[in-house]
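Participant: This one is structure_33.csv, CSV, C-alpha atoms.
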chain,number,residue,atom,x,y,z
A,1,MET,CA,-20.5,16.9,0.8
A,2,ASN,CA,-19.7,18.7,4.0
A,3,VAL,CA,-16.1,18.1,5.0
A,4,LEU,CA,-15.0,18.8,8.6
A,5,TYR,CA,-11.5,19.0,10.1
A,6,PHE,CA,-10.5,18.6,13.8
A,7,ALA,CA,-7.5,19.2,16.0
A,8,TRP,CA,-4.2,19.8,14.1
A,9,VAL,CA,-5.8,18.8,10.8
A,10,ARG,CA,-8.0,21.9,11.2
A,11,GLN,CA,-5.0,24.1,12.2
A,12,LYS,CA,-3.0,23.0,9.1
A,13,VAL,CA,-5.8,23.4,6.6
A,14,GLY,CA,-6.8,26.7,8.2
A,15,ARG,CA,-10.6,26.0,8.4
A,16,SER,CA,-13.0,23.8,10.3
A,17,GLU,CA,-15.3,22.9,7.4
A,18,GLU,CA,-16.0,23.3,3.8
A,19,THR,CA,-18.4,22.1,1.1
A,20,ILE,CA,-16.9,19.9,-1.7
A,21,GLU,CA,-19.0,18.7,-4.6
A,22,HIS,CA,-19.2,14.9,-4.8
A,23,LYS,CA,-18.0,13.7,-8.2
A,24,PRO,CA,-18.0,10.1,-9.5
A,25,GLU,CA,-14.2,9.9,-9.3
A,26,LEU,CA,-14.4,10.6,-5.5
A,27,ARG,CA,-15.3,6.9,-4.8
A,28,THR,CA,-13.7,6.6,-1.4
A,29,VAL,CA,-12.5,8.6,1.6
A,30,ALA,CA,-8.9,8.0,0.3
A,31,ASP,CA,-9.8,9.6,-3.0
A,32,LEU,CA,-11.1,12.7,-1.2
A,33,ALA,CA,-7.9,12.8,0.9
A,34,ALA,CA,-5.8,12.6,-2.3
A,35,LEU,CA,-7.8,15.5,-3.8
A,36,LEU,CA,-7.2,17.6,-0.7
A,37,ARG,CA,-3.5,16.7,-0.5
A,38,ALA,CA,-3.1,17.8,-4.1
A,39,ARG,CA,-4.1,21.4,-3.1
A,40,GLY,CA,-0.7,21.7,-1.5
A,41,GLY,CA,0.2,24.2,1.3
A,42,GLY,CA,-1.4,23.4,4.6
A,43,TYR,CA,-3.6,20.7,2.9
A,44,GLY,CA,-0.5,19.0,1.5
A,45,GLU,CA,1.0,19.0,5.0
A,46,ALA,CA,-2.2,17.8,6.8
A,47,PHE,CA,-2.7,14.9,4.3
A,48,ALA,CA,1.0,14.0,3.7
A,49,ASP,CA,0.9,10.9,5.9
A,50,MET,CA,-2.4,9.1,6.0
A,51,SER,CA,-1.2,6.8,8.7
A,52,ARG,CA,-1.5,9.8,11.1
A,53,LEU,CA,-5.2,10.4,10.1
A,54,ARG,CA,-8.5,8.9,10.9
A,55,ALA,CA,-11.9,9.5,9.2
A,56,ALA,CA,-15.6,9.4,9.8
A,57,VAL,CA,-18.5,9.4,7.4
A,58,ASN,CA,-21.8,10.6,8.7
A,59,GLN,CA,-20.4,10.6,12.2
A,60,ALA,CA,-19.2,7.0,12.4
A,61,HIS,CA,-15.6,5.9,12.2
A,62,VAL,CA,-14.7,4.4,8.8
A,63,PRO,CA,-11.6,3.0,7.1
A,64,LEU,CA,-10.0,5.0,4.3
A,65,ASP,CA,-11.5,2.8,1.6
A,66,ALA,CA,-15.0,3.6,2.8
A,67,PRO,CA,-17.3,4.7,-0.1
A,68,LEU,CA,-18.6,8.3,-0.4
A,69,SER,CA,-21.9,9.6,-1.6
A,70,SER,CA,-23.3,13.0,-2.4
A,71,GLY,CA,-24.6,14.6,0.8
A,72,ASP,CA,-22.2,12.7,3.1
A,73,GLU,CA,-20.6,14.4,6.1
A,74,VAL,CA,-17.0,13.5,6.0
A,75,ALA,CA,-14.5,14.3,8.8
A,76,PHE,CA,-10.7,14.0,9.0
A,77,PHE,CA,-8.9,14.1,12.3
A,78,PRO,CA,-5.9,12.6,14.2
A,79,PRO,CA,-6.3,9.5,16.4
A,80,VAL,CA,-8.6,10.5,19.4
A,81,THR,CA,-7.1,11.4,22.8
A,82,GLY,CA,-10.1,11.9,25.1
A,83,GLY,CA,-10.7,10.6,28.6
B,84,MET,CA,-31.3,0.9,30.2
B,85,SER,CA,-30.7,4.4,28.9
B,86,ALA,CA,-27.4,6.1,29.3
B,87,ASN,CA,-27.0,9.7,30.6
B,88,ILE,CA,-24.5,11.3,28.3
B,89,HIS,CA,-23.3,14.9,28.8
B,90,ILE,CA,-20.5,16.8,27.0
B,91,GLN,CA,-20.1,20.1,28.9
B,92,VAL,CA,-17.7,22.9,29.9
B,93,GLU,CA,-18.9,22.9,33.5
B,94,ASP,CA,-17.6,20.8,36.3
B,95,PHE,CA,-19.8,18.0,37.8
B,96,ASP,CA,-20.4,16.6,41.3
B,97,VAL,CA,-19.7,12.9,41.6
B,98,SER,CA,-22.0,12.3,44.6
B,99,ASP,CA,-24.9,14.2,42.9
B,100,GLU,CA,-24.4,12.0,39.8
B,101,VAL,CA,-24.3,8.8,41.8
B,102,GLU,CA,-27.4,9.9,43.7
B,103,ALA,CA,-29.3,10.6,40.4
B,104,LEU,CA,-28.1,7.2,38.9
B,105,THR,CA,-29.5,5.2,41.8
B,106,ALA,CA,-32.7,7.1,42.6
B,107,GLY,CA,-35.8,5.0,42.0
B,108,GLN,CA,-33.7,1.9,40.9
B,109,PRO,CA,-34.4,-0.7,43.6
B,110,THR,CA,-32.5,-3.5,41.7
B,111,THR,CA,-29.3,-1.5,41.8
B,112,GLY,CA,-26.8,-3.1,44.3
B,113,ALA,CA,-23.6,-1.6,43.1
B,114,VAL,CA,-22.2,1.6,41.5
B,115,ALA,CA,-18.7,1.8,40.2
B,116,THR,CA,-17.3,5.2,39.2
B,117,PHE,CA,-14.2,6.4,37.5
B,118,THR,CA,-13.2,10.0,37.6
B,119,GLY,CA,-10.3,11.3,35.5
B,120,TYR,CA,-8.4,14.4,36.5
B,121,VAL,CA,-5.9,16.8,34.8
B,122,ARG,CA,-2.6,15.3,36.1
B,123,GLY,CA,0.4,17.6,36.7
B,124,GLY,CA,4.0,17.0,37.9
B,125,ASP,CA,5.7,17.3,34.6
B,126,GLY,CA,5.4,21.0,33.8
B,127,LEU,CA,1.8,20.7,32.5
B,128,THR,CA,-0.4,23.6,33.5
B,129,ALA,CA,-3.7,22.8,31.6
B,130,LEU,CA,-5.4,20.7,29.0
B,131,ILE,CA,-7.5,22.1,26.2
B,132,LEU,CA,-10.1,19.7,25.0
B,133,GLU,CA,-12.1,19.8,21.8
B,134,HIS,CA,-14.6,17.3,20.3
B,135,TYR,CA,-16.8,16.5,17.3
B,136,PRO,CA,-20.3,17.7,18.3
B,137,GLY,CA,-22.9,15.1,17.3
B,138,MET,CA,-20.5,12.3,16.6
B,139,THR,CA,-19.2,12.3,20.2
B,140,GLU,CA,-22.7,11.8,21.7
B,141,ARG,CA,-23.4,9.1,19.1
B,142,GLU,CA,-20.2,7.3,19.7
B,143,ILE,CA,-20.6,7.3,23.5
B,144,ALA,CA,-24.2,6.1,23.2
B,145,ARG,CA,-23.0,3.3,21.0
B,146,ILE,CA,-20.3,2.3,23.5
B,147,ALA,CA,-22.8,2.4,26.4
B,148,ALA,CA,-25.3,0.2,24.4
B,149,GLU,CA,-22.5,-2.3,23.8
B,150,ALA,CA,-21.7,-2.3,27.6
B,151,ALA,CA,-25.4,-2.9,28.3
B,152,ARG,CA,-25.3,-5.9,25.9
B,153,ARG,CA,-22.3,-7.4,27.6
B,154,TRP,CA,-23.3,-6.8,31.3
B,155,SER,CA,-26.6,-6.5,33.1
B,156,LEU,CA,-26.7,-2.8,34.0
B,157,THR,CA,-29.3,-0.7,35.7
B,158,GLY,CA,-27.8,2.7,34.7
B,159,VAL,CA,-24.9,4.5,33.1
B,160,THR,CA,-23.8,8.1,33.4
B,161,ILE,CA,-21.0,9.5,31.3
B,162,ILE,CA,-19.9,13.1,31.6
B,163,HIS,CA,-16.9,14.5,29.6
B,164,ARG,CA,-15.8,18.1,29.9
B,165,ILE,CA,-14.4,20.2,27.1
B,166,GLY,CA,-12.5,23.5,26.9
B,167,ARG,CA,-9.6,24.6,29.1
B,168,LEU,CA,-9.1,22.5,32.2
B,169,GLU,CA,-6.4,23.3,34.8
B,170,LEU,CA,-4.3,21.0,37.0
B,171,GLY,CA,-6.5,19.0,39.4
B,172,GLU,CA,-9.7,19.6,37.5
B,173,ARG,CA,-12.1,16.8,36.8
B,174,ILE,CA,-12.2,15.8,33.1
B,175,VAL,CA,-14.4,12.7,32.8
B,176,LEU,CA,-16.8,10.7,34.9
B,177,VAL,CA,-18.0,7.2,34.1
B,178,ALA,CA,-20.6,5.8,36.6
B,179,VAL,CA,-22.1,2.4,36.1
B,180,ALA,CA,-24.9,0.9,38.2
B,181,SER,CA,-25.7,-2.8,38.3
B,182,SER,CA,-27.2,-5.4,40.6
B,183,HIS,CA,-23.8,-6.8,41.5
B,184,ARG,CA,-20.3,-5.4,41.7
B,185,GLY,CA,-18.6,-7.6,39.1
B,186,ALA,CA,-20.6,-6.2,36.3
B,187,ALA,CA,-20.3,-2.6,37.6
B,188,PHE,CA,-16.5,-2.8,37.9
B,189,GLU,CA,-16.0,-4.5,34.5
B,190,ALA,CA,-18.4,-2.3,32.5
B,191,CYS,CA,-16.8,0.9,34.0
B,192,GLU,CA,-13.4,-0.2,32.8
B,193,PHE,CA,-14.7,-1.2,29.4
B,194,LEU,CA,-16.4,2.1,29.0
B,195,MET,CA,-13.3,4.1,29.9
B,196,ASP,CA,-11.1,2.0,27.5
B,197,TYR,CA,-13.5,2.5,24.6
B,198,LEU,CA,-14.1,6.2,25.4
B,199,LYS,CA,-10.4,6.8,25.2
B,200,THR,CA,-10.0,5.1,21.8
B,201,GLN,CA,-13.3,5.7,20.1
B,202,ALA,CA,-14.9,9.0,21.3
B,203,PRO,CA,-13.8,11.9,19.1
B,204,PHE,CA,-12.1,14.1,21.7
B,205,TRP,CA,-8.6,15.7,21.2
B,206,LYS,CA,-6.4,17.2,23.8
B,207,GLN,CA,-3.8,19.9,23.8
B,208,GLU,CA,-1.3,20.2,26.6
B,209,GLU,CA,-0.3,23.6,27.8
B,210,ARG,CA,3.1,24.0,29.5
B,211,GLY,CA,5.4,27.0,29.8
B,212,GLY,CA,3.3,29.1,27.5
B,213,GLY,CA,3.5,26.6,24.7
B,214,VAL,CA,0.7,24.3,23.5
B,215,ASP,CA,1.1,20.9,21.9
B,216,TRP,CA,-1.3,18.2,20.7
B,217,VAL,CA,-1.4,15.0,22.7
B,218,GLU,CA,-0.4,11.9,20.6
B,219,ALA,CA,-2.6,8.8,20.9
B,220,ARG,CA,-1.1,6.1,23.1
B,221,GLN,CA,-0.5,2.6,22.0
B,222,SER,CA,-1.3,1.4,25.5
B,223,ASP,CA,-4.8,2.9,25.2
B,224,ASP,CA,-5.4,0.9,22.0
B,225,ALA,CA,-4.1,-2.2,23.7
B,226,ALA,CA,-6.4,-1.7,26.7
B,227,ALA,CA,-9.4,-1.4,24.4
B,228,GLU,CA,-8.2,-4.3,22.2
B,229,ARG,CA,-8.3,-6.8,25.1
B,230,TRP,CA,-12.1,-6.5,25.3
B,231,ARG,CA,-12.4,-7.9,21.8
B,232,LYS,CA,-10.9,-11.1,22.9
B,233,SER,CA,-13.1,-11.6,25.9
Show how you would write the structure in this file as structure tokens.
Facilitator:
Amino acid sequence: MNVLYFAWVRQKVGRSEETIEHKPELRTVADLAALLRARGGGYGEAFADMSRLRAAVNQAHVPLDAPLSSGDEVAFFPPVTGG
Amino acid sequence: MSANIHIQVEDFDVSDEVEALTAGQPTTGAVATFTGYVRGGDGLTALILEHYPGMTEREIARIAAEAARRWSLTGVTIIHRIGRLELGERIVLVAVASSHRGAAFEACEFLMDYLKTQAPFWKQEERGGGVDWVEARQSDDAAAERWRKS
């Protein structure tokens, strides 16, 4: 899976994207977030409070319990502030 | 109806965009436009905007298609700028063409409300040399929410 980070999530994790292998235990977006949080450091900070984060799978907004599949593009970001 | 969607660094000219939107559309009787500017007065010197390339265009196209389902529209242009924008600069344009003014006004407001809450843009505020991320506003969510009830 290609995982993308935007805004302060990108700043905290220190990169804009990375490839993470999809495994069966990564059933949902929340599972992936838990894996990233467990890395600690900037990841621990970025994923500490999931109520501050939003996610997209394959460029569409999804809830955190949305399922993941191999090859998905997953993005984590704060609530949007355009316009 | 196909929407004109542009995410760009460059400024835009509102009259040129309205001209392009109405050209060759004899059934258009009304165009409503909304232009958003970088607002100062509280120490702010600039906004820095980033977005999610690909998803932004898809999300805006989805919102425009939803507007075209709800109202009878003859054209839509949405332009959103990115990068560093100083006080008084234009940020966003939503222009909606329809046969009648009611649909044009309502669809324009609907598009702005959804753009603010759904399109993946993020703003940083620059003031006094420091830069901070803008927090999403509850009032923007509430503005988008009211269209779900109507």
Participant: With chain A as the partner and 7 Å as the cut-off, tabulate the residues of chain B that qualify, each row holding the nearest pair of atoms and their distance in Å to one decimal, using all atoms listed in the file, sorted by chain and rising number, as CSV.
Facilitator:
residue,atom,partner,partner_atom,distance
B:Gly119,CA,A:Gly83,CA,6.9
B:Met138,CA,A:Gln59,CA,4.7
B:Val175,CA,A:Gly83,CA,6.0
B:Leu198,CA,A:Gly83,CA,6.4
B:Lys199,CA,A:Gly83,CA,5.1
B:Thr200,CA,A:Val80,CA,6.1
B:Gln201,CA,A:Val80,CA,6.8
B:Ala202,CA,A:Val80,CA,6.7
B:Pro203,CA,A:Val80,CA,5.4
B:Phe204,CA,A:Gly82,CA,4.5
B:Trp205,CA,A:Thr81,CA,4.8
B:Lys206,CA,A:Thr81,CA,5.9
B:Val217,CA,A:Thr81,CA,6.7
B:Ala219,CA,A:Thr81,CA,5.5
Participant: Using Å and a single decimal, report how far CA of Leu53 (chain A) sits from CA of Asp31 (chain A).
Facilitator: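 CA of Asp31 (chain A) sits 13.9 Å away from CA of Leu53 (chain A).
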Participant: Using all atoms listed in the file, which protein or nucleic acid residues come within 9 Å of Val97 (chain B)? Drop anything in the same chain fewer than 6 positions from it, and give the result as a list in words.
Facilitator: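 In the requested form, the answer reads Thr116, Thr118, Leu176 and Ala178 of chain B.
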Participant: Determine the axis-aligned bounding box of all atoms of region 46-53 of chain A present in the file, pad each side by 3 Å, and express its centre and edge lengths in Å to one decimal place as AutoDock Vina command-line options.
Facilitator:
--center_x -2.1 --center_y 12.3 --center_z 7.4 --size_x 12.2 --size_y 17.0 --size_z 13.4
Participant: Is there a way to get, as a ChimeraX atom specification, all residues within 12 Å of the point (-11.6, 11.4, 0.5) in file coordinates, counting all atoms listed in the file?
Facilitator: /A:1-4,20-38,47,50,53-57,62-69,72-76
